[in-house]
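Visitor: Below you will find the structure I want to go over with you.
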Amino acid sequence: MWKQRNVALGIIFSLITCGIYGLYWLVCLTEDTNAAAGENGTSGVMALIFTIITCGIYGLYWAYRCGEKLDKAKTMRGIPASNGGVLYLILYIFGGVIAYALIQHELNKLAEA
């Protein structure tokens, strides 16, 4: 199982720390989406390193993959899934914290189910 996190506090901490908490949040989200989907995908630390090395380009792929993993996790639990990958990709382009918040919200809902 994964830990439920407060979305509002995540956004506030990311803004207060000028994005440093956002880096930690990315690692946590990666680990949690892997756990929810039952996959041994890229670890959170490696996703962070790839995102930094590629100047954020890997983050685009990461956001899309998180959507696919959440859709897989929903399907495994019998919940109708939508094409979340495209949504998270677009939101990541316009503001990474927005995508983080929606991914966390979906993870919180899955943890309750």
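Just so we're on the same page: first chain in the structure tokens is A, next is B, and so on; residues restart at 1 for each chain, and ligands are numbered from 1 in the order they show up.
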Would you return as a CSV table (one decimal) with all heavy atoms, in the first residue's frame the members of segment 24-98 of chain A that DSSP assigns to alpha helix (DSSP H) on this structure's backbone?

Guide:
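What landed in out_16.csv:
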```
chain,number,residue,atom,x,y,z
A,24,TYR,N,10.8,16.0,-4.3
A,24,TYR,CA,10.5,14.9,-3.4
A,24,TYR,C,9.2,14.2,-3.7
A,24,TYR,O,9.0,13.0,-3.7
A,24,TYR,CB,10.5,15.4,-1.9
A,24,TYR,CG,10.0,14.4,-0.9
A,24,TYR,CD1,10.7,13.2,-0.6
A,24,TYR,CD2,8.7,14.6,-0.4
A,24,TYR,CE1,10.1,12.3,0.3
A,24,TYR,CE2,8.2,13.7,0.5
A,24,TYR,CZ,8.9,12.5,0.8
A,24,TYR,OH,8.4,11.6,1.7
A,25,TRP,N,8.2,15.1,-4.0
A,25,TRP,CA,6.9,14.6,-4.4
A,25,TRP,C,6.9,13.8,-5.6
A,25,TRP,O,6.2,12.8,-5.8
A,25,TRP,CB,6.0,15.8,-4.6
A,25,TRP,CG,4.5,15.6,-4.4
A,25,TRP,CD1,3.9,14.4,-4.0
A,25,TRP,CD2,3.5,16.5,-4.6
A,25,TRP,NE1,2.5,14.6,-4.0
A,25,TRP,CE2,2.3,15.9,-4.3
A,25,TRP,CE3,3.4,17.9,-5.0
A,25,TRP,CZ2,1.0,16.5,-4.4
A,25,TRP,CZ3,2.2,18.5,-5.1
A,25,TRP,CH2,1.0,17.8,-4.8
A,26,LEU,N,7.8,14.2,-6.6
A,26,LEU,CA,7.9,13.4,-7.8
A,26,LEU,C,8.4,12.0,-7.5
A,26,LEU,O,7.9,11.0,-8.1
A,26,LEU,CB,8.9,14.1,-8.8
A,26,LEU,CG,9.2,13.4,-10.1
A,26,LEU,CD1,9.0,14.3,-11.3
A,26,LEU,CD2,10.6,12.8,-10.1
A,27,VAL,N,9.4,11.9,-6.6
A,27,VAL,CA,9.9,10.6,-6.2
A,27,VAL,C,8.8,9.7,-5.6
A,27,VAL,O,8.6,8.6,-5.9
A,27,VAL,CB,11.1,10.7,-5.3
A,27,VAL,CG1,11.5,9.4,-4.7
A,27,VAL,CG2,12.3,11.4,-6.0
A,28,CYS,N,8.1,10.4,-4.7
A,28,CYS,CA,7.0,9.6,-4.0
A,28,CYS,C,5.9,9.2,-4.9
A,28,CYS,O,5.4,8.1,-4.9
A,28,CYS,CB,6.4,10.5,-2.9
A,28,CYS,SG,7.5,10.8,-1.5
A,29,LEU,N,5.5,10.1,-5.8
A,29,LEU,CA,4.5,9.7,-6.8
A,29,LEU,C,4.9,8.6,-7.7
A,29,LEU,O,4.1,7.7,-8.0
A,29,LEU,CB,4.1,11.0,-7.7
A,29,LEU,CG,3.3,12.1,-7.0
A,29,LEU,CD1,3.2,13.3,-7.9
A,29,LEU,CD2,2.0,11.6,-6.5
A,30,THR,N,6.2,8.6,-8.1
A,30,THR,CA,6.6,7.5,-9.0
A,30,THR,C,6.6,6.2,-8.2
A,30,THR,O,6.1,5.2,-8.8
A,30,THR,CB,8.1,7.8,-9.4
A,30,THR,OG1,8.2,9.1,-10.0
A,30,THR,CG2,8.6,6.7,-10.3
A,31,GLU,N,7.0,6.2,-7.0
A,31,GLU,CA,7.0,4.9,-6.2
A,31,GLU,C,5.6,4.5,-6.0
A,31,GLU,O,5.2,3.3,-6.1
A,31,GLU,CB,7.7,5.1,-4.9
A,31,GLU,CG,9.2,5.4,-5.0
A,31,GLU,CD,10.0,4.3,-5.5
A,31,GLU,OE1,9.6,3.1,-5.4
A,31,GLU,OE2,11.1,4.5,-6.0
A,32,ASP,N,4.7,5.4,-5.7
A,32,ASP,CA,3.3,5.1,-5.4
A,32,ASP,C,2.5,4.6,-6.6
A,32,ASP,O,1.7,3.6,-6.5
A,32,ASP,CB,2.5,6.3,-4.8
A,32,ASP,CG,3.0,6.6,-3.4
A,32,ASP,OD1,3.8,5.8,-2.8
A,32,ASP,OD2,2.7,7.7,-2.9
A,33,THR,N,2.8,5.2,-7.8
A,33,THR,CA,2.1,4.7,-9.0
A,33,THR,C,2.6,3.3,-9.4
A,33,THR,O,1.9,2.5,-9.9
A,33,THR,CB,2.3,5.7,-10.2
A,33,THR,OG1,3.6,6.0,-10.4
A,33,THR,CG2,1.5,7.0,-9.9
A,34,ASN,N,3.9,3.1,-9.2
A,34,ASN,CA,4.4,1.7,-9.4
A,34,ASN,C,3.8,0.7,-8.5
A,34,ASN,O,3.4,-0.4,-9.0
A,34,ASN,CB,6.0,1.7,-9.2
A,34,ASN,CG,6.7,2.4,-10.3
A,34,ASN,OD1,6.2,2.5,-11.4
A,34,ASN,ND2,8.0,2.7,-10.0
A,35,ALA,N,3.6,1.1,-7.3
A,35,ALA,CA,2.9,0.2,-6.3
A,35,ALA,C,1.5,-0.1,-6.7
A,35,ALA,O,1.0,-1.2,-6.6
A,35,ALA,CB,3.1,0.7,-4.9
A,36,ALA,N,0.8,1.0,-7.1
A,36,ALA,CA,-0.6,0.9,-7.4
A,36,ALA,C,-0.9,0.0,-8.6
A,36,ALA,O,-1.8,-0.7,-8.7
A,36,ALA,CB,-1.2,2.3,-7.6
A,37,ALA,N,0.0,0.1,-9.6
A,37,ALA,CA,-0.1,-0.6,-10.8
A,37,ALA,C,0.5,-2.0,-10.7
A,37,ALA,O,0.4,-2.8,-11.6
A,37,ALA,CB,0.5,0.1,-12.0
A,44,GLY,N,11.7,6.0,-8.2
A,44,GLY,CA,11.5,7.4,-8.0
A,44,GLY,C,12.7,8.2,-8.1
A,44,GLY,O,12.8,9.3,-8.8
A,45,VAL,N,13.8,7.7,-7.5
A,45,VAL,CA,15.1,8.4,-7.6
A,45,VAL,C,15.6,8.5,-9.0
A,45,VAL,O,16.1,9.5,-9.5
A,45,VAL,CB,16.1,7.8,-6.6
A,45,VAL,CG1,17.5,8.4,-6.8
A,45,VAL,CG2,15.6,7.8,-5.2
A,46,MET,N,15.5,7.4,-9.7
A,46,MET,CA,15.9,7.4,-11.1
A,46,MET,C,15.1,8.3,-12.0
A,46,MET,O,15.6,9.0,-12.9
A,46,MET,CB,15.9,5.9,-11.7
A,46,MET,CG,17.0,5.0,-11.1
A,46,MET,SD,18.7,5.7,-11.2
A,46,MET,CE,18.9,5.8,-13.0
A,47,ALA,N,13.8,8.4,-11.7
A,47,ALA,CA,12.9,9.3,-12.5
A,47,ALA,C,13.4,10.7,-12.2
A,47,ALA,O,13.4,11.6,-13.2
A,47,ALA,CB,11.5,9.1,-12.1
A,48,LEU,N,13.7,11.0,-11.0
A,48,LEU,CA,14.2,12.4,-10.6
A,48,LEU,C,15.5,12.7,-11.4
A,48,LEU,O,15.7,13.7,-12.0
A,48,LEU,CB,14.4,12.5,-9.1
A,48,LEU,CG,15.0,13.8,-8.6
A,48,LEU,CD1,14.1,15.0,-9.0
A,48,LEU,CD2,15.3,13.7,-7.2
A,49,ILE,N,16.4,11.7,-11.3
A,49,ILE,CA,17.7,11.9,-12.0
A,49,ILE,C,17.6,12.1,-13.5
A,49,ILE,O,18.2,13.0,-14.1
A,49,ILE,CB,18.7,10.8,-11.7
A,49,ILE,CG1,19.1,10.8,-10.2
A,49,ILE,CG2,19.9,10.8,-12.6
A,49,ILE,CD1,19.8,9.6,-9.7
A,50,PHE,N,16.7,11.3,-14.1
A,50,PHE,CA,16.5,11.4,-15.6
A,50,PHE,C,15.9,12.7,-15.9
A,50,PHE,O,16.2,13.4,-16.9
A,50,PHE,CB,15.6,10.3,-16.1
A,50,PHE,CG,16.2,8.9,-16.1
A,50,PHE,CD1,15.4,7.8,-15.9
A,50,PHE,CD2,17.6,8.7,-16.1
A,50,PHE,CE1,16.0,6.5,-15.9
A,50,PHE,CE2,18.2,7.5,-16.1
A,50,PHE,CZ,17.4,6.4,-16.0
A,51,THR,N,15.0,13.2,-15.1
A,51,THR,CA,14.3,14.5,-15.3
A,51,THR,C,15.3,15.6,-15.2
A,51,THR,O,15.3,16.6,-16.0
A,51,THR,CB,13.2,14.7,-14.3
A,51,THR,OG1,12.2,13.6,-14.4
A,51,THR,CG2,12.4,16.0,-14.6
A,52,ILE,N,16.2,15.6,-14.2
A,52,ILE,CA,17.2,16.6,-14.1
A,52,ILE,C,18.2,16.6,-15.2
A,52,ILE,O,18.6,17.6,-15.8
A,52,ILE,CB,17.9,16.5,-12.7
A,52,ILE,CG1,16.9,16.8,-11.6
A,52,ILE,CG2,19.2,17.4,-12.6
A,52,ILE,CD1,17.5,16.5,-10.2
A,53,ILE,N,18.7,15.4,-15.6
A,53,ILE,CA,19.7,15.2,-16.6
A,53,ILE,C,19.1,15.7,-18.0
A,53,ILE,O,19.9,16.4,-18.8
A,53,ILE,CB,20.2,13.8,-16.8
A,53,ILE,CG1,21.0,13.4,-15.6
A,53,ILE,CG2,20.9,13.5,-18.1
A,53,ILE,CD1,21.4,11.9,-15.5
A,57,ILE,N,12.8,17.0,-19.9
A,57,ILE,CA,12.1,16.3,-21.0
A,57,ILE,C,11.6,14.9,-20.6
A,57,ILE,O,10.5,14.5,-20.9
A,57,ILE,CB,13.1,16.2,-22.2
A,57,ILE,CG1,13.4,17.6,-22.8
A,57,ILE,CG2,12.5,15.3,-23.3
A,57,ILE,CD1,14.5,17.6,-23.8
A,58,TYR,N,12.4,14.3,-19.7
A,58,TYR,CA,11.9,13.0,-19.2
A,58,TYR,C,10.6,13.2,-18.4
A,58,TYR,O,9.8,12.2,-18.3
A,58,TYR,CB,13.0,12.3,-18.3
A,58,TYR,CG,12.6,11.0,-17.8
A,58,TYR,CD1,12.7,9.8,-18.6
A,58,TYR,CD2,12.0,10.8,-16.5
A,58,TYR,CE1,12.3,8.6,-18.1
A,58,TYR,CE2,11.6,9.6,-16.1
A,58,TYR,CZ,11.7,8.5,-16.9
A,58,TYR,OH,11.3,7.3,-16.4
A,59,GLY,N,10.5,14.3,-17.8
A,59,GLY,CA,9.2,14.6,-17.0
A,59,GLY,C,8.0,14.5,-17.9
A,59,GLY,O,6.9,14.1,-17.4
A,60,LEU,N,8.1,14.8,-19.1
A,60,LEU,CA,6.9,14.7,-20.0
A,60,LEU,C,6.6,13.2,-20.2
A,60,LEU,O,5.4,12.8,-20.1
A,60,LEU,CB,7.3,15.3,-21.4
A,60,LEU,CG,7.6,16.8,-21.4
A,60,LEU,CD1,8.1,17.2,-22.8
A,60,LEU,CD2,6.4,17.6,-21.0
A,61,TYR,N,7.6,12.4,-20.4
A,61,TYR,CA,7.3,10.9,-20.5
A,61,TYR,C,6.8,10.4,-19.2
A,61,TYR,O,5.9,9.5,-19.1
A,61,TYR,CB,8.6,10.2,-20.9
A,61,TYR,CG,8.6,8.7,-20.8
A,61,TYR,CD1,7.8,8.0,-21.8
A,61,TYR,CD2,9.2,8.0,-19.8
A,61,TYR,CE1,7.8,6.6,-21.7
A,61,TYR,CE2,9.1,6.6,-19.7
A,61,TYR,CZ,8.4,5.9,-20.7
A,61,TYR,OH,8.3,4.6,-20.6
A,62,TRP,N,7.4,10.9,-18.1
A,62,TRP,CA,7.0,10.4,-16.7
A,62,TRP,C,5.5,10.7,-16.5
A,62,TRP,O,4.8,9.8,-16.0
A,62,TRP,CB,7.9,11.1,-15.7
A,62,TRP,CG,7.4,10.9,-14.3
A,62,TRP,CD1,7.8,9.8,-13.5
A,62,TRP,CD2,6.5,11.7,-13.5
A,62,TRP,NE1,7.1,9.9,-12.3
A,62,TRP,CE2,6.3,11.0,-12.3
A,62,TRP,CE3,5.8,12.8,-13.8
A,62,TRP,CZ2,5.5,11.6,-11.3
A,62,TRP,CZ3,5.0,13.4,-12.8
A,62,TRP,CH2,4.9,12.7,-11.6
A,63,ALA,N,5.1,11.9,-16.8
A,63,ALA,CA,3.7,12.3,-16.6
A,63,ALA,C,2.7,11.4,-17.4
A,63,ALA,O,1.7,10.9,-16.9
A,63,ALA,CB,3.5,13.7,-17.0
A,64,TYR,N,3.1,11.1,-18.7
A,64,TYR,CA,2.3,10.2,-19.5
A,64,TYR,C,2.2,8.8,-18.9
A,64,TYR,O,1.2,8.2,-18.8
A,64,TYR,CB,2.8,10.2,-20.9
A,64,TYR,CG,2.0,9.4,-21.9
A,64,TYR,CD1,0.8,9.8,-22.4
A,64,TYR,CD2,2.4,8.1,-22.2
A,64,TYR,CE1,0.0,9.1,-23.2
A,64,TYR,CE2,1.6,7.3,-23.0
A,64,TYR,CZ,0.4,7.8,-23.5
A,64,TYR,OH,-0.4,7.0,-24.4
A,65,ARG,N,3.4,8.3,-18.5
A,65,ARG,CA,3.4,6.9,-17.9
A,65,ARG,C,2.7,6.8,-16.6
A,65,ARG,O,2.0,5.8,-16.3
A,65,ARG,CB,4.9,6.5,-17.7
A,65,ARG,CG,5.6,6.1,-18.9
A,65,ARG,CD,5.1,4.8,-19.5
A,65,ARG,NE,5.3,3.7,-18.6
A,65,ARG,CZ,4.5,2.6,-18.5
A,65,ARG,NH1,3.5,2.5,-19.3
A,65,ARG,NH2,4.7,1.7,-17.6
A,66,CYS,N,2.7,7.9,-15.8
A,66,CYS,CA,1.9,7.9,-14.6
A,66,CYS,C,0.4,7.7,-14.9
A,66,CYS,O,-0.3,7.0,-14.2
A,66,CYS,CB,2.1,9.2,-13.8
A,66,CYS,SG,3.6,9.1,-12.8
A,67,GLY,N,0.0,8.4,-15.9
A,67,GLY,CA,-1.4,8.3,-16.3
A,67,GLY,C,-1.8,6.9,-16.8
A,67,GLY,O,-2.8,6.3,-16.4
A,68,GLU,N,-0.9,6.2,-17.5
A,68,GLU,CA,-1.1,4.9,-17.9
A,68,GLU,C,-1.1,3.9,-16.8
A,68,GLU,O,-1.9,3.0,-16.7
A,68,GLU,CB,0.0,4.4,-18.9
A,68,GLU,CG,-0.1,5.1,-20.3
A,68,GLU,CD,0.9,4.6,-21.3
A,68,GLU,OE1,1.9,4.0,-20.9
A,68,GLU,OE2,0.7,4.7,-22.5
A,69,LYS,N,-0.2,4.1,-15.8
A,69,LYS,CA,-0.1,3.3,-14.6
A,69,LYS,C,-1.4,3.4,-13.8
A,69,LYS,O,-1.9,2.4,-13.2
A,69,LYS,CB,1.1,3.6,-13.8
A,69,LYS,CG,2.4,3.1,-14.4
A,69,LYS,CD,3.6,3.5,-13.6
A,69,LYS,CE,4.9,3.3,-14.3
A,69,LYS,NZ,6.0,3.8,-13.5
A,70,LEU,N,-1.9,4.6,-13.6
A,70,LEU,CA,-3.1,4.8,-12.9
A,70,LEU,C,-4.3,4.2,-13.6
A,70,LEU,O,-5.2,3.6,-12.9
A,70,LEU,CB,-3.4,6.3,-12.7
A,70,LEU,CG,-2.5,7.0,-11.7
A,70,LEU,CD1,-2.7,8.5,-11.7
A,70,LEU,CD2,-2.7,6.4,-10.3
A,71,ASP,N,-4.3,4.3,-14.9
A,71,ASP,CA,-5.4,3.6,-15.7
A,71,ASP,C,-5.3,2.1,-15.4
A,71,ASP,O,-6.3,1.4,-15.3
A,71,ASP,CB,-5.3,3.9,-17.1
A,71,ASP,CG,-5.7,5.3,-17.5
A,71,ASP,OD1,-6.4,6.0,-16.6
A,71,ASP,OD2,-5.4,5.8,-18.6
A,72,LYS,N,-4.1,1.5,-15.4
A,72,LYS,CA,-3.9,0.1,-15.2
A,72,LYS,C,-4.4,-0.3,-13.8
A,72,LYS,O,-5.1,-1.3,-13.6
A,72,LYS,CB,-2.5,-0.3,-15.4
A,72,LYS,CG,-2.2,-1.8,-15.1
A,72,LYS,CD,-0.7,-2.1,-15.3
A,72,LYS,CE,-0.5,-3.6,-15.0
A,72,LYS,NZ,0.9,-3.9,-15.1
A,73,ALA,N,-4.0,0.6,-12.8
A,73,ALA,CA,-4.4,0.3,-11.4
A,73,ALA,C,-6.0,0.4,-11.3
A,73,ALA,O,-6.5,-0.4,-10.5
A,73,ALA,CB,-3.8,1.3,-10.5
A,74,LYS,N,-6.6,1.3,-12.0
A,74,LYS,CA,-8.1,1.4,-11.9
A,74,LYS,C,-8.7,0.2,-12.5
A,74,LYS,O,-9.6,-0.4,-12.0
A,74,LYS,CB,-8.5,2.6,-12.6
A,74,LYS,CG,-8.3,3.9,-11.9
A,74,LYS,CD,-8.7,5.1,-12.8
A,74,LYS,CE,-8.4,6.4,-12.1
A,74,LYS,NZ,-8.9,7.6,-13.0
A,75,THR,N,-8.2,-0.3,-13.7
A,75,THR,CA,-8.7,-1.4,-14.3
A,75,THR,C,-8.6,-2.7,-13.5
A,75,THR,O,-9.5,-3.5,-13.4
A,75,THR,CB,-8.0,-1.7,-15.7
A,75,THR,OG1,-8.1,-0.5,-16.5
A,75,THR,CG2,-8.6,-2.8,-16.4
A,76,MET,N,-7.4,-2.8,-12.8
A,76,MET,CA,-7.2,-4.0,-11.9
A,76,MET,C,-8.2,-4.0,-10.8
A,76,MET,O,-8.6,-5.1,-10.3
A,76,MET,CB,-5.8,-3.9,-11.3
A,76,MET,CG,-4.7,-4.2,-12.3
A,76,MET,SD,-3.0,-4.0,-11.7
A,76,MET,CE,-3.1,-4.2,-10.0
A,84,GLY,N,-5.8,8.9,-18.9
A,84,GLY,CA,-5.2,9.9,-18.1
A,84,GLY,C,-3.8,10.4,-18.5
A,84,GLY,O,-3.4,11.5,-18.1
A,85,GLY,N,-3.1,9.6,-19.2
A,85,GLY,CA,-1.8,9.9,-19.7
A,85,GLY,C,-1.7,11.2,-20.4
A,85,GLY,O,-0.8,12.0,-20.2
A,86,VAL,N,-2.6,11.4,-21.3
A,86,VAL,CA,-2.6,12.6,-22.1
A,86,VAL,C,-2.9,13.8,-21.3
A,86,VAL,O,-2.3,14.9,-21.4
A,86,VAL,CB,-3.6,12.5,-23.3
A,86,VAL,CG1,-3.7,13.8,-24.1
A,86,VAL,CG2,-3.2,11.4,-24.2
A,87,LEU,N,-3.9,13.7,-20.4
A,87,LEU,CA,-4.2,14.8,-19.5
A,87,LEU,C,-3.0,15.2,-18.6
A,87,LEU,O,-2.7,16.4,-18.5
A,87,LEU,CB,-5.4,14.4,-18.6
A,87,LEU,CG,-5.8,15.3,-17.4
A,87,LEU,CD1,-6.3,16.6,-18.0
A,87,LEU,CD2,-6.7,14.7,-16.5
A,88,TYR,N,-2.4,14.2,-18.0
A,88,TYR,CA,-1.2,14.5,-17.1
A,88,TYR,C,-0.1,15.1,-17.9
A,88,TYR,O,0.7,16.0,-17.4
A,88,TYR,CB,-0.8,13.3,-16.4
A,88,TYR,CG,-1.9,12.8,-15.5
A,88,TYR,CD1,-2.2,11.4,-15.4
A,88,TYR,CD2,-2.6,13.6,-14.6
A,88,TYR,CE1,-3.2,10.9,-14.6
A,88,TYR,CE2,-3.6,13.1,-13.8
A,88,TYR,CZ,-3.9,11.8,-13.8
A,88,TYR,OH,-4.9,11.3,-13.0
A,89,LEU,N,0.1,14.7,-19.2
A,89,LEU,CA,1.1,15.2,-20.0
A,89,LEU,C,0.9,16.7,-20.3
A,89,LEU,O,1.8,17.5,-20.1
A,89,LEU,CB,1.2,14.4,-21.3
A,89,LEU,CG,2.1,15.0,-22.4
A,89,LEU,CD1,3.6,15.0,-21.9
A,89,LEU,CD2,2.0,14.2,-23.7
A,90,ILE,N,-0.3,17.0,-20.7
A,90,ILE,CA,-0.7,18.4,-21.0
A,90,ILE,C,-0.5,19.3,-19.7
A,90,ILE,O,0.0,20.4,-19.7
A,90,ILE,CB,-2.1,18.5,-21.5
A,90,ILE,CG1,-2.1,17.9,-22.9
A,90,ILE,CG2,-2.6,20.0,-21.6
A,90,ILE,CD1,-3.5,17.7,-23.5
A,91,LEU,N,-1.0,18.8,-18.6
A,91,LEU,CA,-0.9,19.6,-17.3
A,91,LEU,C,0.5,19.7,-16.9
A,91,LEU,O,0.9,20.7,-16.3
A,91,LEU,CB,-1.7,18.9,-16.2
A,91,LEU,CG,-3.2,19.0,-16.4
A,91,LEU,CD1,-4.0,18.2,-15.4
A,91,LEU,CD2,-3.7,20.4,-16.4
A,92,TYR,N,1.4,18.7,-17.1
A,92,TYR,CA,2.8,18.8,-16.8
A,92,TYR,C,3.5,19.9,-17.6
A,92,TYR,O,4.3,20.6,-17.1
A,92,TYR,CB,3.5,17.5,-17.0
A,92,TYR,CG,4.9,17.4,-16.5
A,92,TYR,CD1,5.2,17.1,-15.2
A,92,TYR,CD2,6.0,17.7,-17.3
A,92,TYR,CE1,6.4,17.1,-14.7
A,92,TYR,CE2,7.3,17.7,-16.9
A,92,TYR,CZ,7.5,17.4,-15.5
A,92,TYR,OH,8.8,17.4,-15.1
A,93,ILE,N,3.1,20.0,-18.8
A,93,ILE,CA,3.7,21.1,-19.7
A,93,ILE,C,3.3,22.5,-19.1
A,93,ILE,O,4.2,23.3,-19.1
A,93,ILE,CB,3.1,20.9,-21.2
A,93,ILE,CG1,3.7,19.7,-21.8
A,93,ILE,CG2,3.5,22.2,-22.0
A,93,ILE,CD1,3.1,19.3,-23.1
A,94,PHE,N,2.1,22.7,-18.7
A,94,PHE,CA,1.7,24.0,-18.2
A,94,PHE,C,2.0,24.2,-16.8
A,94,PHE,O,1.9,25.4,-16.3
A,94,PHE,CB,0.2,24.2,-18.5
A,94,PHE,CG,-0.1,24.3,-20.0
A,94,PHE,CD1,-0.8,23.3,-20.6
A,94,PHE,CD2,0.4,25.4,-20.7
A,94,PHE,CE1,-1.0,23.4,-22.0
A,94,PHE,CE2,0.1,25.5,-22.0
A,94,PHE,CZ,-0.6,24.5,-22.7
A,96,GLY,N,4.0,21.6,-13.6
A,96,GLY,CA,4.2,20.3,-13.1
A,96,GLY,C,3.4,20.0,-11.8
A,96,GLY,O,2.9,18.9,-11.6
A,97,VAL,N,3.3,21.1,-10.9
A,97,VAL,CA,2.6,20.9,-9.7
A,97,VAL,C,1.1,20.5,-9.9
A,97,VAL,O,0.6,19.8,-9.1
A,97,VAL,CB,2.8,22.1,-8.8
A,97,VAL,CG1,2.0,22.0,-7.5
A,97,VAL,CG2,4.2,22.3,-8.4
A,98,ILE,N,0.5,21.0,-10.9
A,98,ILE,CA,-0.9,20.7,-11.2
A,98,ILE,C,-1.0,19.2,-11.5
A,98,ILE,O,-1.9,18.6,-11.0
A,98,ILE,CB,-1.4,21.6,-12.3
A,98,ILE,CG1,-1.3,23.1,-12.0
A,98,ILE,CG2,-2.8,21.2,-12.7
A,98,ILE,CD1,-1.6,24.0,-13.1
```

Visitor: Closest to Phe13 of chain A among A:Gly95, A:Ala101, A:Glu106, A:Gly38, using only C-alpha atoms?

Guide: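 That would be A:Ala101, the residue with the smallest distance to Phe13 of chain A.
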
Visitor: Residues at most 6 Å from segment 3-7 of chain A, counting only C-alpha atoms, excluding those fewer than 2 positions away in the same chain, as an MDAnalysis selection string?

Guide: chainID A and resid 9:10 101 108

Visitor: Go ahead and save the picked residues with C-alpha atoms, as an mmCIF file, in the first residue's frame.

Guide:
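Produced file selection10.cif, reproduced below:
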```
data_model
loop_
_atom_site.group_PDB
_atom_site.id
_atom_site.type_symbol
_atom_site.label_atom_id
_atom_site.label_comp_id
_atom_site.auth_asym_id
_atom_site.auth_seq_id
_atom_site.Cartn_x
_atom_site.Cartn_y
_atom_site.Cartn_z
ATOM 1 C CA LEU A 9 -0.127 20.829 1.549
ATOM 2 C CA GLY A 10 1.915 19.375 -1.301
ATOM 3 C CA ALA A 101 -1.754 17.272 -7.507
ATOM 4 C CA ASN A 108 -5.629 8.893 -2.712
#
```

Visitor: Given the choices A:Ser82, A:Trp2, A:Cys55, A:Ile16, which gets closest to Lys109 of chain A if the distance is worked out from only C-alpha atoms?

Guide: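 Of A:Ser82, A:Trp2, A:Cys55, A:Ile16, the one nearest Lys109 of chain A, counting only C-alpha atoms, is A:Trp2.
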
Visitor: Using only C-alpha atoms, which of A:Glu39, A:Leu110, A:Gly56, A:Ile20 sits nearest Ala81 of chain A?

Guide: A:Leu110

Visitor: Provide the atom CA of Thr17 of chain A to atom CA of Ala99 of chain A distance in Å, to one decimal place.

Guide: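 Separation between atom CA of Thr17 of chain A and atom CA of Ala99 of chain A: 17.8 Å.
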
Visitor: Between atom CA of Gly22 of chain A and atom CA of Tyr100 of chain A, what is the distance, to one decimal in Å?

Guide: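 If I compute the distance from atom CA of Gly22 of chain A to atom CA of Tyr100 of chain A, I get 8.2 Å.
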